[in-house]
file start.cif (mmCIF, C-alpha atoms)
data_upload
loop_
_atom_site.label_atom_id
_atom_site.label_comp_id
_atom_site.auth_asym_id
_atom_site.auth_seq_id
_atom_site.Cartn_x
_atom_site.Cartn_y
_atom_site.Cartn_z
CA MET A 1 -22.77 -7.83 -6.71
CA ASN A 2 -22.36 -4.91 -4.32
CA ASP A 3 -22.26 -7.38 -1.41
CA LEU A 4 -18.99 -8.77 -2.77
CA PHE A 5 -17.28 -5.42 -2.12
CA ASP A 6 -19.00 -4.74 1.20
CA LEU A 7 -16.48 -3.97 3.96
CA THR A 8 -18.99 -3.29 6.72
CA GLY A 9 -17.55 -4.22 10.09
CA ARG A 10 -13.99 -4.44 8.76
CA VAL A 11 -11.00 -2.42 9.95
CA ALA A 12 -8.37 -1.32 7.44
CA LEU A 13 -4.85 -0.04 8.14
CA ILE A 14 -3.26 1.91 5.29
CA THR A 15 0.33 3.18 5.32
CA GLY A 16 1.04 6.27 3.27
CA GLY A 17 -2.66 6.92 3.66
CA SER A 18 -2.59 10.69 3.85
CA ARG A 19 -2.21 11.39 0.13
CA GLY A 20 -2.11 9.91 -3.35
CA LEU A 21 -3.13 6.29 -3.82
CA GLY A 22 -3.27 5.70 -0.08
CA ARG A 23 -5.83 8.45 0.45
CA GLU A 24 -7.95 7.16 -2.43
CA MET A 25 -7.97 3.67 -0.93
CA ALA A 26 -8.73 4.96 2.57
CA LEU A 27 -11.78 6.89 1.38
CA ALA A 28 -12.94 4.03 -0.85
CA PHE A 29 -12.72 1.51 1.98
CA ALA A 30 -14.63 3.86 4.26
CA GLY A 31 -17.24 4.32 1.55
CA ALA A 32 -17.60 0.53 1.43
CA GLY A 33 -18.21 0.41 5.18
CA ALA A 34 -14.77 -0.03 6.78
CA ASP A 35 -13.26 1.85 9.69
CA VAL A 36 -9.78 3.05 8.76
CA ILE A 37 -6.42 3.64 10.42
CA VAL A 38 -4.53 6.23 8.39
CA THR A 39 -0.81 6.45 8.94
CA SER A 40 2.11 8.34 7.44
CA ARG A 41 5.02 10.38 8.75
CA LYS A 42 2.86 13.53 8.80
CA VAL A 43 0.19 13.00 11.44
CA ASP A 44 -1.56 16.30 10.64
CA ALA A 45 -2.13 15.13 7.08
CA CYS A 46 -3.45 11.83 8.46
CA ARG A 47 -5.88 13.73 10.68
CA ALA A 48 -7.22 15.60 7.64
CA VAL A 49 -8.04 12.30 5.91
CA ALA A 50 -9.50 10.93 9.15
CA VAL A 51 -11.93 13.86 9.17
CA GLU A 52 -13.02 12.94 5.63
CA ILE A 53 -13.53 9.33 6.70
CA GLU A 54 -15.60 10.33 9.71
CA ALA A 55 -17.73 12.51 7.44
CA LEU A 56 -18.64 9.27 5.64
CA GLY A 57 -19.96 7.89 8.92
CA ARG A 58 -17.00 5.64 9.73
CA ARG A 59 -14.50 5.62 12.58
CA ALA A 60 -10.94 6.67 11.88
CA LEU A 61 -7.61 6.76 13.65
CA ALA A 62 -4.76 9.03 12.54
CA HIS A 63 -1.34 7.81 13.63
CA GLY A 64 2.09 9.15 12.74
CA CYS A 65 4.59 6.46 11.79
CA HIS A 66 7.83 6.16 9.84
CA VAL A 67 7.44 2.71 8.32
CA GLY A 68 11.18 2.29 7.94
CA ARG A 69 11.55 2.11 11.73
CA TRP A 70 10.46 -1.07 13.44
CA ASP A 71 9.90 0.53 16.85
CA GLU A 72 7.40 2.93 15.29
CA ILE A 73 5.71 0.05 13.46
CA ASP A 74 5.37 -1.89 16.70
CA ALA A 75 3.75 1.18 18.30
CA LEU A 76 1.41 1.58 15.30
CA VAL A 77 0.21 -2.01 15.59
CA GLU A 78 -0.40 -1.67 19.32
CA ALA A 79 -2.33 1.57 18.78
CA ALA A 80 -4.47 0.03 16.03
CA TYR A 81 -5.45 -2.99 18.11
CA ALA A 82 -5.99 -0.88 21.22
CA GLU A 83 -8.44 1.34 19.32
CA PHE A 84 -10.30 -1.23 17.21
CA GLY A 85 -9.37 -4.64 18.60
CA ARG A 86 -8.64 -6.00 15.14
CA VAL A 87 -7.21 -5.29 11.70
CA ASP A 88 -8.90 -7.07 8.80
CA ILE A 89 -7.20 -5.31 5.90
CA LEU A 90 -3.59 -4.14 5.77
CA VAL A 91 -2.35 -2.06 2.85
CA ASN A 92 1.43 -1.60 2.70
CA ASN A 93 1.28 1.45 0.46
CA ALA A 94 3.98 3.79 1.80
CA GLY A 95 7.00 4.06 -0.47
CA MET A 96 9.73 6.32 -1.77
CA SER A 97 11.58 6.34 -5.10
CA PRO A 98 14.36 8.94 -5.13
CA LEU A 99 16.69 9.08 -8.10
CA ALA A 100 20.35 8.25 -7.58
CA PRO A 101 23.16 9.73 -9.74
CA SER A 102 24.26 6.20 -10.65
CA SER A 103 24.63 2.84 -8.94
CA ALA A 104 28.25 3.58 -8.08
CA GLU A 105 27.35 6.96 -6.63
CA THR A 106 24.44 5.67 -4.53
CA SER A 107 25.23 6.37 -0.90
CA GLU A 108 24.77 3.81 1.83
CA GLU A 109 22.39 6.22 3.56
CA LEU A 110 20.16 6.50 0.48
CA PHE A 111 20.25 2.74 -0.12
CA ASP A 112 19.27 1.95 3.47
CA LYS A 113 16.49 4.56 3.50
CA VAL A 114 14.90 3.27 0.27
CA VAL A 115 15.08 -0.38 1.32
CA ALA A 116 13.74 0.42 4.80
CA VAL A 117 10.61 2.17 3.58
CA ASN A 118 9.85 -0.06 0.59
CA PHE A 119 10.71 -3.48 2.02
CA LYS A 120 11.89 -3.58 5.64
CA GLY A 121 8.79 -1.80 6.95
CA PRO A 122 6.24 -3.83 4.97
CA PHE A 123 8.02 -7.00 6.09
CA ARG A 124 7.67 -6.10 9.75
CA LEU A 125 4.11 -4.79 9.48
CA GLY A 126 2.98 -7.73 7.36
CA ALA A 127 4.55 -10.16 9.81
CA LEU A 128 2.97 -8.62 12.91
CA VAL A 129 -0.50 -8.01 11.50
CA GLY A 130 -0.49 -11.21 9.43
CA ARG A 131 0.23 -13.29 12.52
CA ARG A 132 -2.63 -11.67 14.42
CA MET A 133 -4.94 -12.11 11.45
CA ALA A 134 -4.06 -15.79 11.19
CA ASP A 135 -4.63 -16.30 14.92
CA GLY A 136 -8.00 -14.55 14.63
CA ASP A 137 -10.59 -14.34 11.89
CA GLY A 138 -8.20 -13.99 8.94
CA GLY A 139 -7.86 -11.01 6.66
CA SER A 140 -6.34 -9.50 3.56
CA ILE A 141 -2.90 -7.93 3.09
CA ILE A 142 -2.23 -5.82 0.00
CA ASN A 143 1.34 -4.86 -0.85
CA VAL A 144 1.55 -1.91 -3.21
CA SER A 145 4.54 -2.51 -5.44
CA SER A 146 5.67 -0.94 -8.70
CA THR A 147 6.26 -1.80 -12.32
CA GLY A 148 9.78 -0.61 -11.52
CA ALA A 149 10.32 -4.08 -10.07
CA LEU A 150 9.23 -5.69 -13.35
CA LYS A 151 10.85 -3.21 -15.73
CA PRO A 152 13.84 -1.84 -13.77
CA GLN A 153 15.84 1.13 -14.99
CA PRO A 154 19.22 2.63 -14.01
CA ARG A 155 19.21 5.22 -11.21
CA TYR A 156 16.36 3.34 -9.49
CA GLY A 157 18.37 0.29 -8.49
CA PRO A 158 17.61 0.20 -4.73
CA TYR A 159 13.95 1.04 -5.34
CA ALA A 160 13.50 -1.60 -8.05
CA GLY A 161 15.27 -4.18 -5.90
CA ALA A 162 13.21 -3.34 -2.80
CA LYS A 163 9.94 -3.57 -4.74
CA ALA A 164 11.02 -6.88 -6.29
CA ALA A 165 11.68 -8.12 -2.76
CA LEU A 166 8.21 -6.90 -1.77
CA ASN A 167 6.71 -8.96 -4.61
CA THR A 168 8.47 -12.02 -3.24
CA LEU A 169 7.35 -11.21 0.31
CA THR A 170 3.76 -11.36 -0.90
CA GLU A 171 4.19 -15.02 -1.81
CA VAL A 172 6.04 -15.77 1.43
CA LEU A 173 3.30 -14.31 3.64
CA ALA A 174 0.54 -15.83 1.50
CA LEU A 175 1.97 -19.27 2.24
CA GLU A 176 2.94 -18.60 5.85
CA TYR A 177 -0.45 -17.28 6.96
CA ALA A 178 -2.66 -19.42 4.74
CA PRO A 179 -5.44 -20.30 4.45
CA SER A 180 -7.26 -17.58 6.39
CA VAL A 181 -5.06 -14.65 5.34
CA ARG A 182 -4.87 -13.65 1.70
CA VAL A 183 -1.80 -11.68 0.58
CA ASN A 184 -1.58 -10.03 -2.83
CA THR A 185 0.40 -7.39 -4.72
CA ILE A 186 -0.84 -4.41 -6.68
CA SER A 187 1.93 -3.57 -9.14
CA ALA A 188 1.22 0.10 -9.77
CA GLY A 189 2.33 1.93 -12.90
CA PRO A 190 2.65 5.71 -13.28
CA PHE A 191 -0.13 7.61 -11.51
CA LEU A 192 -0.82 11.33 -11.38
CA THR A 193 -0.22 11.67 -7.65
CA ASP A 194 1.77 14.47 -5.97
CA ILE A 195 5.05 13.02 -7.19
CA SER A 196 3.98 13.54 -10.81
CA LYS A 197 4.13 17.31 -10.36
CA ALA A 198 7.89 17.01 -10.79
CA TRP A 199 7.59 15.05 -14.04
CA PRO A 200 8.11 16.68 -17.44
CA ARG A 201 4.82 17.72 -19.01
CA GLU A 202 4.93 14.99 -21.66
CA HIS A 203 5.22 12.31 -18.94
CA ARG A 204 2.10 13.66 -17.25
CA GLU A 205 0.17 13.46 -20.50
CA ARG A 206 1.51 10.29 -22.13
CA ALA A 207 2.94 6.94 -21.05
CA PRO A 208 4.48 3.99 -22.96
CA SER A 209 1.46 1.80 -22.36
CA ALA A 210 -1.60 0.39 -24.04
CA ALA A 211 -3.67 3.09 -22.32
CA GLY A 212 -1.22 5.71 -23.55
CA ARG A 213 -1.44 7.81 -20.38
CA PRO A 214 -0.68 7.77 -16.66
CA GLY A 215 -3.40 6.62 -14.30
CA ARG A 216 -5.67 8.87 -12.29
CA PRO A 217 -5.38 8.18 -8.53
CA GLU A 218 -9.01 7.10 -8.25
CA GLU A 219 -8.34 4.35 -10.81
CA ILE A 220 -6.58 2.31 -8.10
CA VAL A 221 -9.82 1.95 -6.15
CA THR A 222 -11.52 -0.97 -7.89
CA SER A 223 -8.41 -3.16 -7.75
CA ALA A 224 -7.89 -2.36 -4.07
CA LEU A 225 -11.54 -3.07 -3.24
CA TYR A 226 -11.36 -6.37 -5.10
CA LEU A 227 -8.32 -7.56 -3.16
CA ALA A 228 -9.60 -6.25 0.19
CA SER A 229 -13.07 -7.74 -0.07
CA PRO A 230 -14.70 -11.19 -0.29
CA ALA A 231 -14.78 -10.72 -4.08
CA SER A 232 -11.20 -12.08 -4.16
CA SER A 233 -11.75 -15.03 -1.82
CA PHE A 234 -9.81 -17.40 -4.12
CA THR A 235 -7.02 -14.95 -4.96
CA THR A 236 -3.82 -15.04 -2.92
CA GLY A 237 -0.12 -14.83 -3.68
CA ALA A 238 -1.04 -12.95 -6.86
CA LEU A 239 0.42 -9.89 -8.57
CA LEU A 240 -2.11 -7.59 -10.22
CA ARG A 241 -0.67 -5.10 -12.67
CA VAL A 242 -2.50 -1.77 -12.58
CA ASP A 243 -0.34 0.12 -15.05
CA GLY A 244 -2.41 0.74 -18.18
CA GLY A 245 -0.59 -2.03 -20.02
CA LEU A 246 2.89 -0.59 -19.61
CA TYR A 247 5.44 -1.90 -22.10
#
call {"tool": "encode", "arguments": {"input": "start.cif", "output": "structure tokens"}}
result
Amino acid sequence: MNDLFDLTGRVALITGGSRGLGREMALAFAGAGADVIVTSRKVDACRAVAVEIEALGRRALAHGCHVGRWDEIDALVEAAYAEFGRVDILVNNAGMSPLAPSSAETSEELFDKVVAVNFKGPFRLGALVGRRMADGDGGSIINVSSTGALKPQPRYGPYAGAKAALNTLTEVLALEYAPSVRVNTISAGPFLTDISKAWPREHRERAPSAAGRPGRPEEIVTSALYLASPASSFTTGALLRVDGGLY
């Protein structure tokens, strides 16, 4: 069974890979044999994760990139292919979910920023890498979405809308780059990443879900490995809820 999750010889590119769920996936992929490109806005933080990956015996590339800016995405793709010659796994994990006072009081600047990071960037990166995957040996794209798209709440309107668009993009790219490229969504619920430090204590301890609690960051790993690896060879265009049974 371990062979199903073997990523030896694969190259993974993970946005938002310097902390939280992205870091967990980067280290898990490296542990399964993949070389990893770690990118986020803070290149020093990416370098720290790259050191951890190299300690596992894998190659790593740290690259600073604001995924809401297409010129920086284009440069990221060129750097990734220049270093490794291929990308087999793309994880669109970077995101932001700031609160707005209300829909009416949401500024155009905030709206554009949230949509750029959560949808515009993944669209561009998925399009560029997906095309190269389809022209080559295929691959797997994983879009990390949110239960906010499935259970939207006020004050998160732009975020919920952008993540809902990301869910739709998964199906678009799955069809466009089929059959050699698989594209799937992880719909993540509440996880105890850095952002949770700002939550009220009760939200860090309990959640309205079947599990009754938020997830631990490492609990994203098995779902990510499944979608990245040959274990999910017949899974594409799918949305996998990893939210503890949120209701």
call {"tool": "atom_distance", "arguments": {"input": "start.cif", "atom1": "atom CA of A:Val221", "atom2": "atom CA of A:Ala28"}}
result
6.5 Å
call {"tool": "resolve_selection", "arguments": {"input": "start.cif", "expression": "the PyMOL selection byres ((chain A and resi 116) around 12)", "output": "JSON, numbers by chain"}}
result
{"A": [66, 67, 68, 69, 70, 73, 94, 95, 96, 97, 108, 109, 110, 111, 112, 113, 114, 115, 117, 118, 119, 120, 121, 122, 123, 124, 125, 158, 159, 161, 162, 163, 165, 166]}
call {"tool": "residues_around", "arguments": {"input": "start.cif", "residues": "A:Arg213", "least_positions_apart": "2", "cutoff": "12 Å", "atoms": "only C-alpha atoms", "output": "count of residues only"}}
result
21
call {"tool": "atom_distance", "arguments": {"input": "start.cif", "atom1": "atom CA of A:Asp3", "atom2": "atom CA of A:Thr222"}}
result
14.1 Å
call {"tool": "atom_distance", "arguments": {"input": "start.cif", "atom1": "atom CA of A:Val172", "atom2": "atom CA of A:Ser223"}}
result
21.3 Å
call {"tool": "resolve_selection", "arguments": {"input": "start.cif", "expression": "the PyMOL selection byres ((chain A and resi 225-235) around 6)", "output": "ChimeraX atom specification"}}
result
/A:4-5,140,222-224,236
call {"tool": "resolve_selection", "arguments": {"input": "start.cif", "expression": "the PyMOL selection byres ((chain A and resi 144-154) around 6)", "output": "VMD selection string"}}
result
chain A and resid 92 to 93 143 155 to 156 160 163 to 164 185 to 189
call {"tool": "closest_residue", "arguments": {"input": "start.cif", "among": "A:Leu173, A:Val242, A:Gly157, A:Ala79", "to": "A:Glu105", "atoms": "all atoms listed in the file"}}
result
A:Gly157
call {"tool": "residues_around", "arguments": {"input": "start.cif", "residues": "A:Tyr177", "least_positions_apart": "2", "cutoff": "7 Å", "atoms": "only C-alpha atoms", "output": "JSON, numbers by chain"}}
result
{"A": [130, 131, 134, 173, 174, 175, 179, 180, 181]}
call {"tool": "closest_residue", "arguments": {"input": "start.cif", "among": "A:Cys65, A:Ile220, A:Met133, A:Ala60", "to": "A:Glu24", "atoms": "all atoms listed in the file"}}
result
A:Ile220
call {"tool": "residues_around", "arguments": {"input": "start.cif", "residues": "A:Ala26", "least_positions_apart": "4", "cutoff": "12 Å", "atoms": "all atoms listed in the file", "output": "number ranges by chain"}}
result
A: 7, 11-22, 30-39, 46, 48-54, 56, 58-62, 89-91, 93, 218, 220-221, 224-225, 228
call {"tool": "write_last_selection", "arguments": {"input": "start.cif", "atoms": "C-alpha atoms", "output": "mmCIF file, in the coordinates of the input"}}
result
data_model
loop_
_atom_site.group_PDB
_atom_site.id
_atom_site.type_symbol
_atom_site.label_atom_id
_atom_site.label_comp_id
_atom_site.auth_asym_id
_atom_site.auth_seq_id
_atom_site.Cartn_x
_atom_site.Cartn_y
_atom_site.Cartn_z
ATOM 1 C CA LEU A 7 -16.480 -3.970 3.960
ATOM 2 C CA VAL A 11 -11.000 -2.420 9.950
ATOM 3 C CA ALA A 12 -8.370 -1.320 7.440
ATOM 4 C CA LEU A 13 -4.850 -0.040 8.140
ATOM 5 C CA ILE A 14 -3.260 1.910 5.290
ATOM 6 C CA THR A 15 0.330 3.180 5.320
ATOM 7 C CA GLY A 16 1.040 6.270 3.270
ATOM 8 C CA GLY A 17 -2.660 6.920 3.660
ATOM 9 C CA SER A 18 -2.590 10.690 3.850
ATOM 10 C CA ARG A 19 -2.210 11.390 0.130
ATOM 11 C CA GLY A 20 -2.110 9.910 -3.350
ATOM 12 C CA LEU A 21 -3.130 6.290 -3.820
ATOM 13 C CA GLY A 22 -3.270 5.700 -0.080
ATOM 14 C CA ALA A 30 -14.630 3.860 4.260
ATOM 15 C CA GLY A 31 -17.240 4.320 1.550
ATOM 16 C CA ALA A 32 -17.600 0.530 1.430
ATOM 17 C CA GLY A 33 -18.210 0.410 5.180
ATOM 18 C CA ALA A 34 -14.770 -0.030 6.780
ATOM 19 C CA ASP A 35 -13.260 1.850 9.690
ATOM 20 C CA VAL A 36 -9.780 3.050 8.760
ATOM 21 C CA ILE A 37 -6.420 3.640 10.420
ATOM 22 C CA VAL A 38 -4.530 6.230 8.390
ATOM 23 C CA THR A 39 -0.810 6.450 8.940
ATOM 24 C CA CYS A 46 -3.450 11.830 8.460
ATOM 25 C CA ALA A 48 -7.220 15.600 7.640
ATOM 26 C CA VAL A 49 -8.040 12.300 5.910
ATOM 27 C CA ALA A 50 -9.500 10.930 9.150
ATOM 28 C CA VAL A 51 -11.930 13.860 9.170
ATOM 29 C CA GLU A 52 -13.020 12.940 5.630
ATOM 30 C CA ILE A 53 -13.530 9.330 6.700
ATOM 31 C CA GLU A 54 -15.600 10.330 9.710
ATOM 32 C CA LEU A 56 -18.640 9.270 5.640
ATOM 33 C CA ARG A 58 -17.000 5.640 9.730
ATOM 34 C CA ARG A 59 -14.500 5.620 12.580
ATOM 35 C CA ALA A 60 -10.940 6.670 11.880
ATOM 36 C CA LEU A 61 -7.610 6.760 13.650
ATOM 37 C CA ALA A 62 -4.760 9.030 12.540
ATOM 38 C CA ILE A 89 -7.200 -5.310 5.900
ATOM 39 C CA LEU A 90 -3.590 -4.140 5.770
ATOM 40 C CA VAL A 91 -2.350 -2.060 2.850
ATOM 41 C CA ASN A 93 1.280 1.450 0.460
ATOM 42 C CA GLU A 218 -9.010 7.100 -8.250
ATOM 43 C CA ILE A 220 -6.580 2.310 -8.100
ATOM 44 C CA VAL A 221 -9.820 1.950 -6.150
ATOM 45 C CA ALA A 224 -7.890 -2.360 -4.070
ATOM 46 C CA LEU A 225 -11.540 -3.070 -3.240
ATOM 47 C CA ALA A 228 -9.600 -6.250 0.190
#
call {"tool": "closest_residue", "arguments": {"input": "start.cif", "among": "A:Asp74, A:Glu171, A:Ser40, A:Pro217", "to": "A:Ile195", "atoms": "all atoms listed in the file"}}
result
A:Pro217
call {"tool": "closest_residue", "arguments": {"input": "start.cif", "among": "A:Ser107, A:Leu169, A:Pro101, A:Arg86", "to": "A:Gly139", "atoms": "all atoms listed in the file"}}
result
A:Arg86
